[in-house]
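Structure first, commentary second.
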Amino acid sequence: MTSPTDDRSPKLPRGWLRATIVSTIALAFVGAAAGFIAFLSQLRGAEMVPDRKADGIVVLTGGSSRVSDAMELLAAGYGRRLLISGVHPTSTASDISRTLPENQSFMTCCVDLDRTALSTRGNAAEARRWAEGRRFKSLIVVTSNYHMPRALVEFSHAMPQTTLIPFAVVGDKWREEPWWTSGSTLRLLLSEYVKYIAAELRVRLEDFGIDLSPEMSEQPAGQQPKRPATAQAN
């Protein structure tokens, strides 16, 4: 006869749960590190002139020299028109042209300003509308090198039929100082990597019909979100 205290059920070894948790954390860390290395491998260390021309050029505001580099591409004939996406509502074409005196003539003939986009996803949505309105089939995308992977994720998802040609802007700090020696640059890259992973996950879910974060710029008229005092840095 079995006594009430006789428990013959199998027992897991002590520490099994701890070992499982540690192993899971270790695997997650290794996976994140490998992903970060793969992300870094996409970043260009020097600016490269596009190997072909496009119908239009889109530059995303938020980083130094992005707009001036995009204007130089326009002046060199790499695109017929330029869209500056993410311009603050209070900024005008004359404000921008004053910072680019050598390319002022292009501001009146060949440059369009988008003041609606508040994020990289919004940049992609506005660029799609702009390109579709002009029947452009190819675009040169201008943004900082660290931001380019996420920008291409958003642009490719928003306009899968459009040919995208990246032009990665490389800042002076990136050229002069290795990123691993600068705490601020490392934090920027880690933050951008997290945003890049989040964008990849979101677009993959959207492919299955799951939209976790509807784009704010597509809200009904009269429900515009507040914009920060300065343009958001992408």
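Convention: chains lettered A, B, ... in structure tokens order; per-chain residue numbering from 1; ligands numbered from 1 as shown.
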
Worksheet entry | Test item: residues at most 8 Å from range 36-47 of chain A, only C-alpha atoms, excluding those fewer than 3 positions along its chain, as a list in words | Ala32, Ala33, Asn145, Tyr146, Met148, Pro149, Phe167, Ala168, Val169, Val170, Trp174, Arg175, Leu190 and Tyr193 of chain A

Could those selected residues go to a file with all heavy atoms, as a CSV table (one decimal), in the first residue's frame?
```csv
chain,number,residue,atom,x,y,z
A,32,ALA,N,21.6,38.5,-31.1
A,32,ALA,CA,21.6,40.0,-31.2
A,32,ALA,C,23.0,40.5,-31.7
A,32,ALA,O,23.0,41.4,-32.5
A,32,ALA,CB,21.2,40.6,-29.9
A,33,ALA,N,24.0,39.9,-31.1
A,33,ALA,CA,25.4,40.4,-31.5
A,33,ALA,C,25.6,40.1,-33.0
A,33,ALA,O,26.2,40.9,-33.7
A,33,ALA,CB,26.4,39.7,-30.6
A,145,ASN,N,24.4,57.0,-43.7
A,145,ASN,CA,24.7,55.6,-43.8
A,145,ASN,C,24.1,54.7,-42.7
A,145,ASN,O,23.7,53.6,-43.0
A,145,ASN,CB,26.3,55.4,-43.9
A,145,ASN,CG,27.0,55.9,-42.6
A,145,ASN,OD1,26.4,56.7,-41.8
A,145,ASN,ND2,28.2,55.4,-42.4
A,146,TYR,N,24.1,55.2,-41.5
A,146,TYR,CA,23.6,54.4,-40.4
A,146,TYR,C,22.0,54.3,-40.5
A,146,TYR,O,21.5,53.3,-40.0
A,146,TYR,CB,23.9,55.0,-39.0
A,146,TYR,CG,23.4,56.4,-38.8
A,146,TYR,CD1,22.1,56.6,-38.3
A,146,TYR,CD2,24.1,57.5,-39.1
A,146,TYR,CE1,21.5,57.9,-38.1
A,146,TYR,CE2,23.6,58.8,-38.9
A,146,TYR,CZ,22.3,59.0,-38.4
A,146,TYR,OH,21.8,60.2,-38.2
A,148,MET,N,20.4,54.2,-43.6
A,148,MET,CA,20.0,53.7,-44.9
A,148,MET,C,19.4,52.3,-44.8
A,148,MET,O,18.3,52.1,-45.5
A,148,MET,CB,21.2,53.6,-45.8
A,148,MET,CG,20.9,53.2,-47.2
A,148,MET,SD,19.8,54.3,-48.1
A,148,MET,CE,20.9,55.7,-48.4
A,149,PRO,N,19.8,51.3,-44.0
A,149,PRO,CA,19.2,50.0,-43.9
A,149,PRO,C,17.7,50.1,-43.6
A,149,PRO,O,16.8,49.5,-44.2
A,149,PRO,CB,20.0,49.2,-42.9
A,149,PRO,CG,21.3,49.8,-42.9
A,149,PRO,CD,21.1,51.3,-43.2
A,167,PHE,N,22.0,56.3,-51.8
A,167,PHE,CA,23.2,57.1,-51.7
A,167,PHE,C,23.3,57.4,-50.2
A,167,PHE,O,22.6,58.2,-49.6
A,167,PHE,CB,23.0,58.4,-52.5
A,167,PHE,CG,24.2,59.3,-52.4
A,167,PHE,CD1,25.3,59.1,-53.3
A,167,PHE,CD2,24.3,60.3,-51.4
A,167,PHE,CE1,26.4,60.0,-53.2
A,167,PHE,CE2,25.4,61.1,-51.3
A,167,PHE,CZ,26.5,60.9,-52.2
A,168,ALA,N,24.3,56.7,-49.6
A,168,ALA,CA,24.5,56.9,-48.2
A,168,ALA,C,25.5,58.0,-47.9
A,168,ALA,O,26.6,58.0,-48.4
A,168,ALA,CB,25.1,55.6,-47.6
A,169,VAL,N,25.0,59.0,-47.1
A,169,VAL,CA,25.8,60.1,-46.7
A,169,VAL,C,26.6,59.7,-45.5
A,169,VAL,O,26.1,59.2,-44.5
A,169,VAL,CB,24.9,61.3,-46.3
A,169,VAL,CG1,25.7,62.5,-45.8
A,169,VAL,CG2,24.0,61.7,-47.5
A,170,VAL,N,27.9,60.0,-45.6
A,170,VAL,CA,28.9,59.6,-44.5
A,170,VAL,C,29.3,60.9,-43.8
A,170,VAL,O,30.0,61.8,-44.5
A,170,VAL,CB,30.1,58.8,-45.0
A,170,VAL,CG1,31.0,58.5,-43.9
A,170,VAL,CG2,29.6,57.6,-45.7
A,174,TRP,N,32.1,60.2,-38.7
A,174,TRP,CA,32.2,58.8,-39.0
A,174,TRP,C,33.6,58.5,-39.7
A,174,TRP,O,34.2,57.5,-39.5
A,174,TRP,CB,31.1,58.4,-39.9
A,174,TRP,CG,31.0,56.9,-40.2
A,174,TRP,CD1,31.8,56.2,-41.1
A,174,TRP,CD2,30.2,55.9,-39.6
A,174,TRP,NE1,31.4,54.9,-41.1
A,174,TRP,CE2,30.5,54.7,-40.2
A,174,TRP,CE3,29.3,56.0,-38.5
A,174,TRP,CZ2,29.9,53.5,-39.8
A,174,TRP,CZ3,28.6,54.8,-38.2
A,174,TRP,CH2,28.9,53.6,-38.8
A,175,ARG,N,34.0,59.5,-40.6
A,175,ARG,CA,35.2,59.3,-41.3
A,175,ARG,C,36.4,59.5,-40.3
A,175,ARG,O,37.4,58.8,-40.5
A,175,ARG,CB,35.3,60.4,-42.4
A,175,ARG,CG,34.3,60.3,-43.5
A,175,ARG,CD,34.8,61.2,-44.7
A,175,ARG,NE,33.8,61.2,-45.7
A,175,ARG,CZ,32.8,62.1,-45.9
A,175,ARG,NH1,32.7,63.1,-45.0
A,175,ARG,NH2,32.0,62.0,-46.9
A,190,LEU,N,23.4,51.4,-31.9
A,190,LEU,CA,22.6,50.5,-31.2
A,190,LEU,C,21.1,50.8,-31.3
A,190,LEU,O,20.2,50.0,-31.5
A,190,LEU,CB,23.0,50.3,-29.8
A,190,LEU,CG,24.3,49.6,-29.5
A,190,LEU,CD1,24.8,49.8,-28.1
A,190,LEU,CD2,24.3,48.2,-29.9
A,193,TYR,N,19.9,50.2,-34.8
A,193,TYR,CA,19.8,48.7,-35.0
A,193,TYR,C,18.4,48.2,-34.4
A,193,TYR,O,17.7,47.4,-35.1
A,193,TYR,CB,20.9,48.0,-34.3
A,193,TYR,CG,20.8,46.5,-34.3
A,193,TYR,CD1,20.7,45.8,-35.5
A,193,TYR,CD2,20.8,45.8,-33.1
A,193,TYR,CE1,20.5,44.4,-35.5
A,193,TYR,CE2,20.7,44.4,-33.1
A,193,TYR,CZ,20.5,43.7,-34.3
A,193,TYR,OH,20.4,42.3,-34.3
```

For Asn103 in chain A, list every protein, DNA or RNA residue within 8 Å, evaluated using only C-alpha atoms, and leave out those in the same chain fewer than 4 positions away; present the list as an mmCIF file with N, CA, C and O atoms, in the first residue's frame.
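What follows is the written file part-v2.cif:
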```cif
data_model
loop_
_atom_site.group_PDB
_atom_site.id
_atom_site.type_symbol
_atom_site.label_atom_id
_atom_site.label_comp_id
_atom_site.auth_asym_id
_atom_site.auth_seq_id
_atom_site.Cartn_x
_atom_site.Cartn_y
_atom_site.Cartn_z
ATOM 1 N N MET A 71 21.172 67.853 -53.312
ATOM 2 C CA MET A 71 21.155 68.947 -54.285
ATOM 3 C C MET A 71 22.284 68.792 -55.291
ATOM 4 O O MET A 71 22.111 69.084 -56.486
ATOM 5 N N GLU A 72 23.427 68.342 -54.838
ATOM 6 C CA GLU A 72 24.547 68.121 -55.762
ATOM 7 C C GLU A 72 24.213 67.020 -56.766
ATOM 8 O O GLU A 72 24.577 67.118 -57.948
ATOM 9 N N ALA A 75 21.894 68.593 -59.278
ATOM 10 C CA ALA A 75 22.634 69.489 -60.173
ATOM 11 C C ALA A 75 23.458 68.708 -61.186
ATOM 12 O O ALA A 75 23.671 69.172 -62.319
ATOM 13 N N SER A 97 17.188 77.393 -49.400
ATOM 14 C CA SER A 97 18.084 77.882 -50.454
ATOM 15 C C SER A 97 19.176 78.784 -49.901
ATOM 16 O O SER A 97 20.276 78.844 -50.452
ATOM 17 N N MET A 107 16.043 75.288 -56.572
ATOM 18 C CA MET A 107 14.951 75.296 -55.605
ATOM 19 C C MET A 107 13.636 75.729 -56.246
ATOM 20 O O MET A 107 12.565 75.284 -55.844
#
```

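Using only C-alpha atoms, the protein and nucleic acid residues lying no more than 12 Å from Ser191 in chain A, apart from those fewer than 6 places from it along its own chain, are Phe36, Phe39, Tyr146, His147, Arg150, Ser184, Thr185, Ile197, Ala198 and Asn234 of chain A.
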
Selected residues written out, C-alpha atoms, as a PDB file, in the first residue's frame:
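Saved as result_20.pdb:
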```
ATOM      1  CA  PHE A  36      24.316  43.809 -35.046  1.00  0.00           C
ATOM      2  CA  PHE A  39      23.714  45.426 -39.632  1.00  0.00           C
ATOM      3  CA  TYR A 146      23.553  54.400 -40.402  1.00  0.00           C
ATOM      4  CA  HIS A 147      19.942  55.162 -41.360  1.00  0.00           C
ATOM      5  CA  ARG A 150      15.952  51.039 -42.169  1.00  0.00           C
ATOM      6  CA  SER A 184      27.700  58.610 -28.637  1.00  0.00           C
ATOM      7  CA  THR A 185      28.165  56.947 -32.037  1.00  0.00           C
ATOM      8  CA  ILE A 197      14.806  45.224 -36.370  1.00  0.00           C
ATOM      9  CA  ALA A 198      11.452  46.698 -35.338  1.00  0.00           C
ATOM     10  CA  ASN A 234      15.985  59.915 -38.517  1.00  0.00           C
TER      11      ASN A 234
END
```

Worksheet item: CA of Glu154 in chain A and CA of Glu206 in chain A are how many Å apart?
Response: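 Taking CA of Glu154 in chain A and CA of Glu206 in chain A, their separation equals 11.7 Å.
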
Please provide the set of residues having any atom within 6 Å of range 112-122 of chain A, restricted to only C-alpha atoms, with same-chain residues fewer than 6 positions apart removed, written as an mmCIF file with C-alpha atoms, in the first residue's frame.
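around_19.cif, written as the output of this step:
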```
data_model
loop_
_atom_site.group_PDB
_atom_site.id
_atom_site.type_symbol
_atom_site.label_atom_id
_atom_site.label_comp_id
_atom_site.auth_asym_id
_atom_site.auth_seq_id
_atom_site.Cartn_x
_atom_site.Cartn_y
_atom_site.Cartn_z
ATOM 1 C CA LEU A 83 11.805 65.652 -52.917
ATOM 2 C CA ILE A 84 13.004 66.899 -49.526
ATOM 3 C CA SER A 85 10.932 64.813 -47.119
ATOM 4 C CA GLY A 86 10.340 65.707 -43.487
ATOM 5 C CA VAL A 87 10.728 69.482 -43.750
ATOM 6 C CA HIS A 88 9.458 71.378 -40.703
ATOM 7 C CA PRO A 89 6.159 73.201 -41.413
ATOM 8 C CA GLU A 154 10.439 51.176 -45.350
#
```

Practice prompt. For each of A:Trp16, A:Phe136, A:Phe29, A:Phe155, take the minimum atom-to-atom distance to Gly56 in chain A, counting only C-alpha atoms, then give the residue where this is smallest.
Written response: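 For Gly56 in chain A, the nearest of the candidates is A:Phe136.
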
Practice prompt. Determine which residues of range 88-231 of chain A receive a DSSP assignment of strand (DSSP E), computed from the backbone, and state them as a PyMOL selection string.
Written response: chain A and resi 111-114+138-144+163-169

Selection from above, N, CA, C and O atoms, as a CSV table (one decimal), in the first residue's frame, can you write it?
```csv
chain,number,residue,atom,x,y,z
A,111,VAL,N,12.6,71.3,-57.2
A,111,VAL,CA,12.6,70.8,-55.8
A,111,VAL,C,11.2,70.9,-55.2
A,111,VAL,O,10.5,71.9,-55.3
A,112,ASP,N,10.7,69.8,-54.6
A,112,ASP,CA,9.5,69.8,-53.9
A,112,ASP,C,9.7,69.5,-52.4
A,112,ASP,O,10.7,68.8,-52.0
A,113,LEU,N,8.9,70.1,-51.5
A,113,LEU,CA,9.1,70.0,-50.1
A,113,LEU,C,7.9,69.2,-49.5
A,113,LEU,O,6.7,69.4,-49.8
A,114,ASP,N,8.2,68.2,-48.7
A,114,ASP,CA,7.2,67.4,-48.0
A,114,ASP,C,7.3,67.8,-46.5
A,114,ASP,O,8.3,67.6,-45.9
A,138,SER,N,11.9,55.0,-60.7
A,138,SER,CA,13.2,54.8,-60.0
A,138,SER,C,13.5,56.0,-59.2
A,138,SER,O,13.2,57.1,-59.6
A,139,LEU,N,14.1,55.8,-58.0
A,139,LEU,CA,14.4,56.8,-57.1
A,139,LEU,C,15.8,56.6,-56.5
A,139,LEU,O,16.2,55.5,-56.2
A,140,ILE,N,16.5,57.7,-56.4
A,140,ILE,CA,17.8,57.7,-55.6
A,140,ILE,C,17.4,58.1,-54.1
A,140,ILE,O,16.8,59.2,-54.0
A,141,VAL,N,17.6,57.3,-53.2
A,141,VAL,CA,17.3,57.6,-51.8
A,141,VAL,C,18.5,58.1,-51.1
A,141,VAL,O,19.6,57.4,-51.0
A,142,VAL,N,18.4,59.3,-50.5
A,142,VAL,CA,19.6,59.9,-49.8
A,142,VAL,C,19.3,60.0,-48.3
A,142,VAL,O,18.3,60.7,-47.9
A,143,THR,N,20.2,59.4,-47.5
A,143,THR,CA,20.1,59.6,-46.1
A,143,THR,C,21.4,59.1,-45.5
A,143,THR,O,22.3,58.7,-46.2
A,144,SER,N,21.6,59.3,-44.2
A,144,SER,CA,22.9,58.9,-43.6
A,144,SER,C,23.1,57.4,-43.7
A,144,SER,O,22.2,56.6,-43.7
A,163,THR,N,12.3,51.0,-58.4
A,163,THR,CA,13.8,50.7,-58.3
A,163,THR,C,14.4,51.8,-57.4
A,163,THR,O,14.3,53.0,-57.6
A,164,LEU,N,15.0,51.3,-56.3
A,164,LEU,CA,15.6,52.2,-55.3
A,164,LEU,C,17.1,52.1,-55.4
A,164,LEU,O,17.7,51.0,-55.4
A,165,ILE,N,17.8,53.3,-55.5
A,165,ILE,CA,19.2,53.4,-55.6
A,165,ILE,C,19.7,54.1,-54.4
A,165,ILE,O,19.5,55.3,-54.2
A,166,PRO,N,20.4,53.5,-53.4
A,166,PRO,CA,20.8,54.2,-52.2
A,166,PRO,C,22.0,55.1,-52.4
A,166,PRO,O,23.0,54.7,-53.1
A,167,PHE,N,22.0,56.3,-51.8
A,167,PHE,CA,23.2,57.1,-51.7
A,167,PHE,C,23.3,57.4,-50.2
A,167,PHE,O,22.6,58.2,-49.6
A,168,ALA,N,24.3,56.7,-49.6
A,168,ALA,CA,24.5,56.9,-48.2
A,168,ALA,C,25.5,58.0,-47.9
A,168,ALA,O,26.6,58.0,-48.4
A,169,VAL,N,25.0,59.0,-47.1
A,169,VAL,CA,25.8,60.1,-46.7
A,169,VAL,C,26.6,59.7,-45.5
A,169,VAL,O,26.1,59.2,-44.5
```
